[in-house]
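Student: Have a peek at input18.txt (compact mmCIF, N, CA and C atoms).
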# COMPACT_ATOMS: atom_id res chain seq x y z
N LEU A 167 70.03 -12.74 -59.41
CA LEU A 167 69.79 -11.50 -58.66
C LEU A 167 68.89 -10.59 -59.49
N ILE A 168 67.81 -10.15 -58.89
CA ILE A 168 66.86 -9.27 -59.57
C ILE A 168 67.13 -7.84 -59.13
N GLN A 169 67.30 -6.94 -60.07
CA GLN A 169 67.47 -5.53 -59.77
C GLN A 169 66.15 -4.81 -60.05
N LEU A 170 65.62 -4.13 -59.05
CA LEU A 170 64.39 -3.38 -59.21
C LEU A 170 64.73 -1.93 -59.48
N LYS A 171 64.08 -1.34 -60.47
CA LYS A 171 64.34 0.05 -60.81
C LYS A 171 63.92 0.95 -59.65
N GLY A 172 64.79 1.87 -59.26
CA GLY A 172 64.48 2.81 -58.20
C GLY A 172 64.72 2.27 -56.80
N VAL A 173 65.25 1.04 -56.69
CA VAL A 173 65.52 0.46 -55.38
C VAL A 173 67.03 0.35 -55.20
N GLU A 174 67.53 0.91 -54.11
CA GLU A 174 68.96 0.87 -53.82
C GLU A 174 69.19 0.21 -52.47
N GLU A 175 70.44 -0.16 -52.21
CA GLU A 175 70.78 -0.77 -50.94
C GLU A 175 70.93 0.29 -49.86
N LEU A 176 70.33 0.03 -48.71
CA LEU A 176 70.45 0.89 -47.54
C LEU A 176 71.51 0.27 -46.65
N GLU A 177 72.66 0.94 -46.55
CA GLU A 177 73.77 0.41 -45.76
C GLU A 177 73.65 0.87 -44.32
N VAL A 178 73.66 -0.12 -43.40
CA VAL A 178 73.60 0.18 -41.97
C VAL A 178 74.74 -0.53 -41.26
N PHE A 179 75.19 0.05 -40.17
CA PHE A 179 76.25 -0.56 -39.37
C PHE A 179 76.08 -0.13 -37.93
N PRO A 180 76.59 -0.82 -36.93
CA PRO A 180 77.22 -2.13 -37.05
C PRO A 180 76.16 -3.19 -37.34
N ASN A 181 76.57 -4.29 -37.85
CA ASN A 181 75.66 -5.38 -38.17
C ASN A 181 76.36 -6.70 -37.91
N PRO A 182 75.97 -7.43 -36.89
CA PRO A 182 74.81 -7.27 -36.02
C PRO A 182 74.96 -6.10 -35.04
N SER A 183 73.83 -5.71 -34.47
CA SER A 183 73.78 -4.52 -33.62
C SER A 183 73.04 -4.85 -32.33
N SER A 184 73.27 -4.06 -31.31
CA SER A 184 72.48 -4.18 -30.08
C SER A 184 71.18 -3.40 -30.22
N GLY A 185 71.00 -2.74 -31.35
CA GLY A 185 69.77 -2.00 -31.62
C GLY A 185 70.01 -0.62 -32.19
N LEU A 186 71.11 0.03 -31.81
CA LEU A 186 71.42 1.35 -32.36
C LEU A 186 72.15 1.14 -33.69
N ILE A 187 71.50 1.56 -34.77
CA ILE A 187 72.12 1.41 -36.09
C ILE A 187 72.41 2.78 -36.69
N HIS A 188 73.43 2.82 -37.51
CA HIS A 188 73.85 4.05 -38.17
C HIS A 188 73.75 3.86 -39.68
N PHE A 189 73.45 4.94 -40.37
CA PHE A 189 73.38 4.94 -41.82
C PHE A 189 74.66 5.54 -42.38
N LYS A 190 75.04 5.11 -43.55
CA LYS A 190 76.26 5.60 -44.19
C LYS A 190 76.19 7.11 -44.40
N GLU A 191 75.00 7.61 -44.69
CA GLU A 191 74.80 9.05 -44.85
C GLU A 191 73.44 9.41 -44.28
N ALA A 192 73.18 10.70 -44.09
CA ALA A 192 71.90 11.15 -43.55
C ALA A 192 70.76 10.74 -44.47
N VAL A 193 69.70 10.21 -43.87
CA VAL A 193 68.55 9.75 -44.65
C VAL A 193 67.29 10.45 -44.17
N HIS A 194 66.31 10.51 -45.03
CA HIS A 194 65.01 11.05 -44.65
C HIS A 194 63.93 10.22 -45.35
N GLY A 195 62.75 10.21 -44.77
CA GLY A 195 61.64 9.46 -45.32
C GLY A 195 61.06 8.52 -44.28
N ARG A 196 60.19 7.62 -44.73
CA ARG A 196 59.53 6.66 -43.85
C ARG A 196 60.35 5.38 -43.81
N LEU A 197 60.82 5.00 -42.62
CA LEU A 197 61.57 3.77 -42.42
C LEU A 197 60.63 2.72 -41.84
N SER A 198 60.42 1.65 -42.59
CA SER A 198 59.60 0.53 -42.12
C SER A 198 60.52 -0.62 -41.77
N VAL A 199 60.28 -1.24 -40.62
CA VAL A 199 61.10 -2.34 -40.14
C VAL A 199 60.24 -3.60 -40.11
N TYR A 200 60.69 -4.65 -40.80
CA TYR A 200 59.97 -5.92 -40.89
C TYR A 200 60.80 -7.03 -40.27
N ASP A 201 60.13 -7.97 -39.61
CA ASP A 201 60.86 -9.13 -39.11
C ASP A 201 61.10 -10.12 -40.25
N ARG A 202 61.76 -11.23 -39.95
CA ARG A 202 62.19 -12.16 -41.00
C ARG A 202 61.03 -12.86 -41.71
N ILE A 203 59.81 -12.84 -41.13
CA ILE A 203 58.68 -13.45 -41.82
C ILE A 203 57.73 -12.42 -42.42
N GLY A 204 58.15 -11.15 -42.39
CA GLY A 204 57.40 -10.11 -43.08
C GLY A 204 56.43 -9.30 -42.24
N ASN A 205 56.41 -9.52 -40.93
CA ASN A 205 55.54 -8.72 -40.07
C ASN A 205 56.13 -7.32 -39.89
N LEU A 206 55.28 -6.30 -40.05
CA LEU A 206 55.71 -4.92 -39.83
C LEU A 206 55.89 -4.71 -38.33
N MET A 207 57.11 -4.36 -37.92
CA MET A 207 57.43 -4.21 -36.50
C MET A 207 57.42 -2.75 -36.04
N LYS A 208 57.80 -1.84 -36.94
CA LYS A 208 57.93 -0.44 -36.53
C LYS A 208 57.96 0.44 -37.78
N VAL A 209 57.42 1.64 -37.67
CA VAL A 209 57.50 2.66 -38.72
C VAL A 209 57.99 3.94 -38.07
N ILE A 210 59.03 4.53 -38.67
CA ILE A 210 59.63 5.74 -38.11
C ILE A 210 59.78 6.77 -39.23
N GLU A 211 59.37 8.00 -38.98
CA GLU A 211 59.60 9.09 -39.93
C GLU A 211 60.96 9.70 -39.63
N LEU A 212 61.85 9.70 -40.61
CA LEU A 212 63.21 10.21 -40.41
C LEU A 212 63.39 11.51 -41.17
N GLN A 213 64.04 12.47 -40.53
CA GLN A 213 64.37 13.75 -41.15
C GLN A 213 65.87 13.97 -41.01
N ALA A 214 66.62 13.68 -42.05
CA ALA A 214 68.08 13.86 -42.08
C ALA A 214 68.76 13.21 -40.88
N LYS A 215 68.41 11.97 -40.61
CA LYS A 215 68.98 11.21 -39.50
C LYS A 215 70.12 10.34 -39.98
N GLN A 216 71.13 10.17 -39.13
CA GLN A 216 72.22 9.26 -39.46
C GLN A 216 72.23 8.04 -38.56
N SER A 217 71.30 7.99 -37.60
CA SER A 217 71.20 6.81 -36.75
C SER A 217 69.77 6.70 -36.21
N VAL A 218 69.43 5.49 -35.77
CA VAL A 218 68.12 5.26 -35.18
C VAL A 218 68.27 4.13 -34.16
N ASP A 219 67.55 4.24 -33.05
CA ASP A 219 67.63 3.25 -31.98
C ASP A 219 66.47 2.27 -32.13
N LEU A 220 66.80 1.03 -32.48
CA LEU A 220 65.81 -0.04 -32.59
C LEU A 220 66.04 -1.09 -31.51
N GLY A 221 66.60 -0.66 -30.38
CA GLY A 221 66.94 -1.55 -29.29
C GLY A 221 65.74 -2.21 -28.63
N ALA A 222 64.54 -1.70 -28.84
CA ALA A 222 63.34 -2.31 -28.26
C ALA A 222 62.93 -3.59 -29.01
N LEU A 223 63.50 -3.81 -30.19
CA LEU A 223 63.18 -5.01 -30.96
C LEU A 223 63.84 -6.24 -30.33
N PRO A 224 63.16 -7.38 -30.37
CA PRO A 224 63.79 -8.60 -29.86
C PRO A 224 64.92 -9.06 -30.79
N ASN A 225 65.79 -9.92 -30.29
CA ASN A 225 66.86 -10.47 -31.12
C ASN A 225 66.30 -11.10 -32.38
N GLY A 226 67.00 -10.90 -33.50
CA GLY A 226 66.56 -11.50 -34.76
C GLY A 226 67.05 -10.73 -35.96
N LEU A 227 66.63 -11.20 -37.14
CA LEU A 227 66.98 -10.60 -38.42
C LEU A 227 65.83 -9.71 -38.88
N TYR A 228 66.17 -8.52 -39.38
CA TYR A 228 65.16 -7.55 -39.80
C TYR A 228 65.48 -6.98 -41.18
N MET A 229 64.43 -6.60 -41.89
CA MET A 229 64.58 -5.92 -43.17
C MET A 229 64.10 -4.48 -42.99
N LEU A 230 64.85 -3.55 -43.54
CA LEU A 230 64.50 -2.14 -43.50
C LEU A 230 64.10 -1.68 -44.88
N VAL A 231 63.02 -0.90 -44.96
CA VAL A 231 62.62 -0.28 -46.22
C VAL A 231 62.47 1.20 -45.96
N LEU A 232 63.30 1.99 -46.64
CA LEU A 232 63.24 3.45 -46.52
C LEU A 232 62.60 4.00 -47.78
N ASP A 233 61.49 4.70 -47.63
CA ASP A 233 60.76 5.26 -48.77
C ASP A 233 60.75 6.78 -48.61
N ASP A 234 61.35 7.47 -49.59
CA ASP A 234 61.38 8.94 -49.52
C ASP A 234 60.52 9.58 -50.61
N ASN A 235 59.54 8.84 -51.13
CA ASN A 235 58.60 9.27 -52.18
C ASN A 235 59.23 9.36 -53.56
N GLU A 236 60.55 9.21 -53.68
CA GLU A 236 61.20 9.20 -54.99
C GLU A 236 61.78 7.83 -55.30
N GLU A 237 62.30 7.18 -54.26
CA GLU A 237 62.88 5.85 -54.43
C GLU A 237 62.77 5.09 -53.13
N GLN A 238 63.03 3.80 -53.21
CA GLN A 238 63.07 2.98 -52.01
C GLN A 238 64.48 2.44 -51.84
N MET A 239 64.88 2.33 -50.58
CA MET A 239 66.16 1.72 -50.25
C MET A 239 65.85 0.56 -49.30
N ILE A 240 66.53 -0.56 -49.51
CA ILE A 240 66.28 -1.75 -48.72
C ILE A 240 67.58 -2.23 -48.09
N GLY A 241 67.52 -2.60 -46.82
CA GLY A 241 68.69 -3.11 -46.12
C GLY A 241 68.29 -4.17 -45.12
N LYS A 242 69.28 -4.88 -44.59
CA LYS A 242 69.04 -5.90 -43.57
C LYS A 242 69.99 -5.66 -42.41
N PHE A 243 69.53 -6.05 -41.23
CA PHE A 243 70.40 -6.02 -40.06
C PHE A 243 69.90 -7.00 -39.02
N SER A 244 70.77 -7.36 -38.11
CA SER A 244 70.43 -8.29 -37.03
C SER A 244 70.55 -7.58 -35.69
N VAL A 245 69.65 -7.90 -34.78
CA VAL A 245 69.73 -7.42 -33.41
C VAL A 245 70.13 -8.60 -32.53
N TYR A 246 71.22 -8.43 -31.79
CA TYR A 246 71.66 -9.41 -30.81
C TYR A 246 72.16 -8.66 -29.58
N LYS A 247 71.47 -8.87 -28.47
CA LYS A 247 71.82 -8.16 -27.22
C LYS A 247 72.41 -9.14 -26.23
Could you express the structure from this file as structure tokens?
Tutor:
Amino acid sequence: LIQLKGVEELEVFPNPSSGLIHFKEAVHGRLSVYDRIGNLMKVIELQAKQSVDLGALPNGLYMLVLDDNEEQMIGKFSVYK
């Protein structure tokens, strides 16, 4: 396991989800959503949000990268409708 300095885990629930995901705490910054092969699917600017609706995404596994200019947080979630 490689630990990257300044990178923390972004906890989301429920997982798997129908698309509406919640964060453990309010987050802010640029949220980038990537599919399982690395294609950028969506970019959302968040301001103290505790949830985001990604229901427009097709079923599959996604990686989230939240960048708030000080650190990055990375998480994974699945969409199954």
Student: Would you pick out the contacts of Gln213 in chain A at 8 Å or less, using all atoms listed in the file, so that residues sharing its chain but fewer than 4 positions from it are not included, and give the list as a ChimeraX atom specification?
Tutor: /A:192-196
Student: Would you mind listing what lies within 8 Å of Leu186 in chain A as a CSV table (one decimal) with N, CA and C atoms, in the coordinates of the input, with all atoms listed in the file counted and same-chain residues fewer than 3 positions away left out?
Tutor:
chain,number,residue,atom,x,y,z
A,179,PHE,N,75.2,0.0,-40.2
A,179,PHE,CA,76.2,-0.6,-39.4
A,179,PHE,C,76.1,-0.1,-37.9
A,180,PRO,N,76.6,-0.8,-36.9
A,180,PRO,CA,77.2,-2.1,-37.0
A,180,PRO,C,76.2,-3.2,-37.3
A,182,PRO,N,76.0,-7.4,-36.9
A,182,PRO,CA,74.8,-7.3,-36.0
A,182,PRO,C,75.0,-6.1,-35.0
A,183,SER,N,73.8,-5.7,-34.5
A,183,SER,CA,73.8,-4.5,-33.6
A,183,SER,C,73.0,-4.8,-32.3
A,189,PHE,N,73.4,4.9,-40.4
A,189,PHE,CA,73.4,4.9,-41.8
A,189,PHE,C,74.7,5.5,-42.4
A,217,SER,N,71.3,8.0,-37.6
A,217,SER,CA,71.2,6.8,-36.8
A,217,SER,C,69.8,6.7,-36.2
A,218,VAL,N,69.4,5.5,-35.8
A,218,VAL,CA,68.1,5.3,-35.2
A,218,VAL,C,68.3,4.1,-34.2
A,219,ASP,N,67.6,4.2,-33.0
A,219,ASP,CA,67.6,3.2,-32.0
A,219,ASP,C,66.5,2.3,-32.1
A,220,LEU,N,66.8,1.0,-32.5
A,220,LEU,CA,65.8,0.0,-32.6
A,220,LEU,C,66.0,-1.1,-31.5
A,221,GLY,N,66.6,-0.7,-30.4
A,221,GLY,CA,66.9,-1.6,-29.3
A,221,GLY,C,65.7,-2.2,-28.6
A,222,ALA,N,64.5,-1.7,-28.8
A,222,ALA,CA,63.3,-2.3,-28.3
A,222,ALA,C,62.9,-3.6,-29.0
A,245,VAL,N,69.6,-7.9,-34.8
A,245,VAL,CA,69.7,-7.4,-33.4
A,245,VAL,C,70.1,-8.6,-32.5
Student: Give me, please, the distance in Å between atom N of Gln238 in chain A and atom N of Asn225 in chain A, quoted to one decimal.
Tutor: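 If I compute the distance from atom N of Gln238 in chain A to atom N of Asn225 in chain A, I get 26.9 Å.
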Student: Which is closer to Glu211 in chain A than all the others in A:Glu236, A:Ser198, A:Leu223, A:Lys190, using all atoms listed in the file?
Tutor: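 Among the listed residues, the smallest separation from Glu211 in chain A belongs to A:Ser198.
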Student: Which residue gives the smallest distance to Leu176 in chain A among A:Lys247, A:Lys208, A:Lys242, A:Lys215, with only N, CA and C atoms counted?
Tutor: A:Lys242
Student: At a cut-off of 6 Å, using only C-alpha atoms, what residues contact Leu197 in chain A? Leave out same-chain residues fewer than 5 positions from it and give the result as a tab-separated table (two decimals) with N, CA and C atoms, keeping the file's coordinate frame.
Tutor:
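For reference, result.tsv as written:
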chain	number	residue	atom	x	y	z
A	209	VAL	N	57.42	1.64	-37.67
A	209	VAL	CA	57.50	2.66	-38.72
A	209	VAL	C	57.99	3.94	-38.07
A	210	ILE	N	59.03	4.53	-38.67
A	210	ILE	CA	59.63	5.74	-38.11
A	210	ILE	C	59.78	6.77	-39.23
A	231	VAL	N	63.02	-0.90	-44.96
A	231	VAL	CA	62.62	-0.28	-46.22
A	231	VAL	C	62.47	1.20	-45.96
A	232	LEU	N	63.30	1.99	-46.64
A	232	LEU	CA	63.24	3.45	-46.52
A	232	LEU	C	62.60	4.00	-47.78
Student: Hey, can you check how far atom C of Glu174 in chain A sits from atom C of Asn235 in chain A?
Tutor: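 These two atoms are separated by 13.6 Å.
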Student: Could you please determine the separation between CA of Gly226 in chain A and CA of Leu212 in chain A in Å, to one decimal place?
Tutor: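 Between CA of Gly226 in chain A and CA of Leu212 in chain A the gap works out to 22.7 Å.
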Student: What lies within 6 Å of Leu230 in chain A using all atoms listed in the file, ignoring chain neighbours under 5 positions off, as a PDB file with N, CA and C atoms, in the coordinates of the input?
Tutor:
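selection08.pdb written:
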ATOM      1  N   SER A 198      60.420   1.650 -42.590  1.00  0.00           N
ATOM      2  CA  SER A 198      59.600   0.530 -42.120  1.00  0.00           C
ATOM      3  C   SER A 198      60.520  -0.620 -41.770  1.00  0.00           C
ATOM      4  N   VAL A 199      60.280  -1.240 -40.620  1.00  0.00           N
ATOM      5  CA  VAL A 199      61.100  -2.340 -40.140  1.00  0.00           C
ATOM      6  C   VAL A 199      60.240  -3.600 -40.110  1.00  0.00           C
ATOM      7  N   TYR A 200      60.690  -4.650 -40.800  1.00  0.00           N
ATOM      8  CA  TYR A 200      59.970  -5.920 -40.890  1.00  0.00           C
ATOM      9  C   TYR A 200      60.800  -7.030 -40.270  1.00  0.00           C
ATOM     10  N   MET A 239      64.880   2.330 -50.580  1.00  0.00           N
ATOM     11  CA  MET A 239      66.160   1.720 -50.250  1.00  0.00           C
ATOM     12  C   MET A 239      65.850   0.560 -49.300  1.00  0.00           C
ATOM     13  N   ILE A 240      66.530  -0.560 -49.510  1.00  0.00           N
ATOM     14  CA  ILE A 240      66.280  -1.750 -48.720  1.00  0.00           C
ATOM     15  C   ILE A 240      67.580  -2.230 -48.090  1.00  0.00           C
ATOM     16  N   GLY A 241      67.520  -2.600 -46.820  1.00  0.00           N
ATOM     17  CA  GLY A 241      68.690  -3.110 -46.120  1.00  0.00           C
ATOM     18  C   GLY A 241      68.290  -4.170 -45.120  1.00  0.00           C
ATOM     19  N   LYS A 242      69.280  -4.880 -44.590  1.00  0.00           N
ATOM     20  CA  LYS A 242      69.040  -5.900 -43.570  1.00  0.00           C
ATOM     21  C   LYS A 242      69.990  -5.660 -42.410  1.00  0.00           C
ATOM     22  N   PHE A 243      69.530  -6.050 -41.230  1.00  0.00           N
ATOM     23  CA  PHE A 243      70.400  -6.020 -40.060  1.00  0.00           C
ATOM     24  C   PHE A 243      69.900  -7.000 -39.020  1.00  0.00           C
TER      25      PHE A 243
END
Student: May I have all residues of chain A that DSSP, computed from the backbone, assigns to strand (DSSP E or B), given as a ChimeraX atom specification?
Tutor: /A:173-175,178-179,183,186-201,206-219,226-233,238-245
Student: Counting all atoms listed in the file, figure out which residue out of A:Met229, A:Tyr246, A:His188, A:Asp234 gets nearest to Gly204 in chain A.
Tutor: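 For Gly204 in chain A, the nearest of the candidates is A:Met229.
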Student: Of the candidates A:Asp233, A:Gln216, A:Pro224, A:Gly185, which one gets nearest to Asp201 in chain A if we count only C-alpha atoms?
Tutor: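 Ranking A:Asp233, A:Gln216, A:Pro224, A:Gly185 by distance to Asp201 in chain A, first place goes to A:Pro224.
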